[in-house]
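Report on the structure given below.
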Amino acid sequence: GLMGYDPAFLNTANCKSAITFIDGDKGILEYRGYPIEQLAEKSSFIEVAYLLLNGELPTPKQLEEFNYLVTHHTYVHENIKAFMDGFRYDAHPMSMLSSTVAALSGFYPDAKNTKDERSRRIQMTRLIAKMPTIAAFSYRHSMGLPYVYPDNDLSYVGNFLAMIRKIGTTTYKVHPTLEKALDVLFILHADHEQNCSTTSVRTVGSSEVDPYSAVSAGISALYGPLHGGANEAVLRMLREIGHVSKVPDFIKAVKSGEGEKKLMGFGHRVYKSYDPRAKVIKRVADEVFEITGKNPLLEIALELEKIALQDEYFVKRKLYPNVDFYSGLIYEAMGFPVEMFPVLFAIPRTVGWVTQWEEMVKDPEQKIARPRQVYLGSTRRDYVPMAARK
Ligand code: CMC
């Protein structure tokens, strides 16, 4: 029969979903119907995680119970630590994260039971709770620092920052503004409907494999420079430009490069107007820079945005700053090395991945993902013996 040809799924819906709504022309993003701006201003990451997972905002008691669960499943098996030790000192933390999360499936064989709701929910809780621990361990490993165990009395974000920053036996006091800033960034990154990594999680999960394996595939997708690696690429780009005076030349090079050289942190498959997350991030950046001092690269970023938003090339193609354009500047000001940027994206996105994974598992219309192709190869021909080949 007739087959649709749609490379990169520009025009194909792969699922029905009730989680996240995006209107790319108007720049609207909603989780379960709630606008991202309201959630970023009024909610917390843990509350948003509950909302995404369960469809409704929690009551105080539900929030307390959920918060207890995700701050008390933070420990990983000691052999996971040994597993991570096996990486070279300079291994990228994203490659450590994706393989360590895949390794978790070997530690939780009950995760294979994807049809059982109770088991599913335990694995989902474990994934959300352990992601900051594994992320912090990957950072510690790359710095040659001893691992810091989770402190279950701290908040989700506070605990993560303590595992990153703590030196020796002194208690690490997390700056409340920085903790709040990272919490808001986590809200902004929690879900984004059928992006490349979420589609990977759904595709791999459609084989009914355990969620650790499926989420590991999502992390691998997020590692790429066109997706979660973009915030890292933005920082490298800003450093390469080096000074505001070089911005016009850089823009010129992007325009004449015929797609070879990109303005990283600009453009989006769905948003053809300003990314609503980028607006919130600009405000967070100001709050963080008040404490950490201005990131010297900010000036270059602002100039890039100013010129690009007025330039015909970018206007015609509807290229606006996306979430990654400013997030890297905040992460850097907070003291994270660029390699950690995609990791900081993966931690909150885990909530979206497991929510979307469960929605797929429960959907009676979902089958194993198996696209078709348009075959362009040779027609039938007979095998040629080795001696007869020229
Ligand atoms: N700089 C310069 N030109 C660009 C850019 C850019 N950042 N993005 C798109 N274009 C051009 C592209 O060359 C094409 O031009 P033409 O029509 O002359 O061939 C046109 O705009 C349309 O772009 P496209 O590549 O067809 O768009 P896409 O939907 O396939 O790609 C994208 C979307 C996000 C991969 C792309 O815009 C890009 O590579 N941006 C830079 C990387 C980036 O910031 N990624 C983060 C995305 S948001 C968060 C996330 O997903 O992690």
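FYI, nothing fancy with the structure tokens labels: chains A, B, ... in order, residues from 1 per chain, ligands from 1 as they appear.
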If you take only C-alpha atoms and all ligand atoms and a cut-off of 9 Å, which residues of chain A touch ligand 1, and what are their nearest atom pairs and distances in Å to one decimal, in chain and number order, as CSV?
```
residue,atom,partner,partner_atom_place_in_ligand_line,distance
A:Ala8,CA,ligand 1,30 (O),8.1
A:Leu10,CA,ligand 1,29 (O),8.0
A:His189,CA,ligand 1,49 (C),8.9
A:His192,CA,ligand 1,51 (O),8.5
A:Asn195,CA,ligand 1,51 (O),6.5
A:Cys196,CA,ligand 1,51 (O),7.3
A:Ser197,CA,ligand 1,51 (O),8.5
A:Leu222,CA,ligand 1,52 (O),6.8
A:Gly224,CA,ligand 1,52 (O),8.5
A:Pro225,CA,ligand 1,42 (C),6.7
A:Leu226,CA,ligand 1,45 (N),4.4
A:His227,CA,ligand 1,52 (O),3.4
A:Gly228,CA,ligand 1,52 (O),3.8
A:Gly229,CA,ligand 1,52 (O),6.7
A:Ala230,CA,ligand 1,45 (N),4.9
A:Asn231,CA,ligand 1,44 (O),7.2
A:Ala233,CA,ligand 1,42 (C),8.1
A:Val234,CA,ligand 1,44 (O),7.6
A:Ile251,CA,ligand 1,2 (C),8.7
A:Val254,CA,ligand 1,2 (C),5.9
A:Lys255,CA,ligand 1,2 (C),6.8
A:Gly257,CA,ligand 1,2 (C),8.7
A:Glu258,CA,ligand 1,13 (O),6.3
A:Gly259,CA,ligand 1,13 (O),3.9
A:Glu260,CA,ligand 1,13 (O),7.5
A:Lys261,CA,ligand 1,2 (C),6.8
A:Lys262,CA,ligand 1,1 (N),3.6
A:Leu263,CA,ligand 1,1 (N),3.8
A:Met264,CA,ligand 1,41 (C),4.3
A:Gly265,CA,ligand 1,44 (O),3.2
A:Phe266,CA,ligand 1,7 (N),4.2
A:Gly267,CA,ligand 1,37 (O),3.5
A:His268,CA,ligand 1,34 (C),3.9
A:Arg269,CA,ligand 1,29 (O),3.4
A:Val270,CA,ligand 1,29 (O),7.0
A:Tyr271,CA,ligand 1,48 (S),8.9
A:Asp275,CA,ligand 1,48 (S),8.6
A:Tyr313,CA,ligand 1,3 (N),8.0
A:Phe314,CA,ligand 1,3 (N),7.1
A:Lys316,CA,ligand 1,21 (O),8.7
A:Arg317,CA,ligand 1,21 (O),5.3
A:Lys318,CA,ligand 1,21 (O),7.7
A:Leu319,CA,ligand 1,8 (N),6.4
A:Tyr320,CA,ligand 1,7 (N),8.5
A:Pro321,CA,ligand 1,44 (O),7.7
A:Asn322,CA,ligand 1,48 (S),5.3
A:Val323,CA,ligand 1,49 (C),5.8
A:Asp324,CA,ligand 1,49 (C),5.8
A:Phe325,CA,ligand 1,44 (O),7.0
A:Pro342,CA,ligand 1,52 (O),8.6
A:Phe345,CA,ligand 1,52 (O),8.3
```
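Nearest to Arg349 (chain A) of all the residues A:Leu188, A:Glu41, A:Gly377, A:Lys367 is A:Leu188, counting only C-alpha atoms.
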query: Of the candidates A:Ala136, A:Ile128, A:Met3, A:Val76, which shows the shortest atom-to-atom distance to Tyr108 (chain A), using only C-alpha atoms?
result: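 Ranked by minimum distance to Tyr108 (chain A), first place goes to A:Val76.
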- request: Find the spatial neighbours of Tyr331 (chain A), counting only C-alpha atoms, within a cut-off of 12 Å - ignore same-chain residues fewer than 3 positions away - and output them as a ChimeraX atom specification.
  value: /A:161,178-179,181-182,185-186,231-232,234-235,281,284-285,288-289,292,295,324-328,334-345
- request: List the neighbours of Pro296 (chain A) out to 10 Å using only C-alpha atoms; skip same-chain residues closer than 6 positions along the sequence, and give me the result as a PyMOL selection string.
  value: chain A and resi 238-239+242-243+329+333
Go ahead and write the selection's residues with C-alpha atoms as an mmCIF file, in the first residue's frame.
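Writing the result to result-v4.cif gives the following:
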```
data_model
loop_
_atom_site.group_PDB
_atom_site.id
_atom_site.type_symbol
_atom_site.label_atom_id
_atom_site.label_comp_id
_atom_site.auth_asym_id
_atom_site.auth_seq_id
_atom_site.Cartn_x
_atom_site.Cartn_y
_atom_site.Cartn_z
ATOM 1 C CA LEU A 238 30.850 31.985 23.220
ATOM 2 C CA ARG A 239 34.425 31.241 24.308
ATOM 3 C CA GLY A 242 35.846 35.630 22.793
ATOM 4 C CA HIS A 243 34.791 39.280 22.574
ATOM 5 C CA LEU A 329 25.849 30.727 31.318
ATOM 6 C CA ALA A 333 28.390 30.919 36.915
#
```
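Distance annotation: of A:Thr100, A:Ser43, A:Ser142, A:Asn159, the residue with the minimal separation from Ala217 (chain A) is A:Thr100; atom set is only C-alpha atoms.
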Region 244-249 of chain A environment, 7 Å, only C-alpha atoms, sequence neighbours closer than 3 positions dropped, as a ChimeraX atom specification: /A:241,252-253,299-300,303-304
message: Taking 2 positions as the minimum chain separation for residues in the same chain, which residues sit within 12 Å of region 85-91 of chain A when counting only C-alpha atoms? Answer as number ranges by chain.
response: A: 78-83, 93-100, 134, 137-147, 339-340
field: Nearby residues (only C-alpha atoms) at most 12 Å from Asp363 (chain A), same-chain spacing under 4 positions excluded, as a PyMOL selection string
entry: chain A and resi 15-18+115+202+206+356-359+367-368
Go ahead and save the picked residues with N, CA and C atoms, as an mmCIF file, in the first residue's frame.
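What follows is the written file selection-v3.cif:
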```cif
data_model
loop_
_atom_site.group_PDB
_atom_site.id
_atom_site.type_symbol
_atom_site.label_atom_id
_atom_site.label_comp_id
_atom_site.auth_asym_id
_atom_site.auth_seq_id
_atom_site.Cartn_x
_atom_site.Cartn_y
_atom_site.Cartn_z
ATOM 1 N N CYS A 15 2.299 9.187 18.808
ATOM 2 C CA CYS A 15 1.538 8.741 19.978
ATOM 3 C C CYS A 15 0.435 9.738 20.271
ATOM 4 N N LYS A 16 -0.515 9.317 21.117
ATOM 5 C CA LYS A 16 -1.454 10.252 21.724
ATOM 6 C C LYS A 16 -0.941 10.500 23.125
ATOM 7 N N SER A 17 -0.956 11.758 23.569
ATOM 8 C CA SER A 17 -0.390 12.045 24.876
ATOM 9 C C SER A 17 -1.189 13.107 25.602
ATOM 10 N N ALA A 18 -1.262 12.993 26.916
ATOM 11 C CA ALA A 18 -2.013 13.952 27.738
ATOM 12 C C ALA A 18 -1.087 14.661 28.717
ATOM 13 N N LYS A 115 4.369 -4.584 33.139
ATOM 14 C CA LYS A 115 2.902 -4.578 33.127
ATOM 15 C C LYS A 115 2.322 -4.314 34.517
ATOM 16 N N ARG A 202 10.537 6.167 24.306
ATOM 17 C CA ARG A 202 9.316 5.482 23.887
ATOM 18 C C ARG A 202 9.623 4.358 22.899
ATOM 19 N N SER A 206 9.131 0.547 23.770
ATOM 20 C CA SER A 206 8.036 -0.160 23.092
ATOM 21 C C SER A 206 8.354 -1.630 22.874
ATOM 22 N N GLN A 356 6.369 9.671 30.271
ATOM 23 C CA GLN A 356 6.017 9.329 28.892
ATOM 24 C C GLN A 356 6.132 7.822 28.664
ATOM 25 N N TRP A 357 7.139 7.230 29.300
ATOM 26 C CA TRP A 357 7.317 5.777 29.182
ATOM 27 C C TRP A 357 6.094 5.053 29.739
ATOM 28 N N GLU A 358 5.636 5.482 30.919
ATOM 29 C CA GLU A 358 4.488 4.792 31.521
ATOM 30 C C GLU A 358 3.209 5.022 30.714
ATOM 31 N N GLU A 359 3.062 6.241 30.191
ATOM 32 C CA GLU A 359 1.883 6.513 29.368
ATOM 33 C C GLU A 359 1.846 5.565 28.171
ATOM 34 N N LYS A 367 2.135 -0.234 20.017
ATOM 35 C CA LYS A 367 2.789 -1.495 19.667
ATOM 36 C C LYS A 367 4.278 -1.226 19.577
ATOM 37 N N ILE A 368 5.045 -2.263 19.326
ATOM 38 C CA ILE A 368 6.484 -2.049 19.160
ATOM 39 C C ILE A 368 6.711 -1.073 17.997
#
```
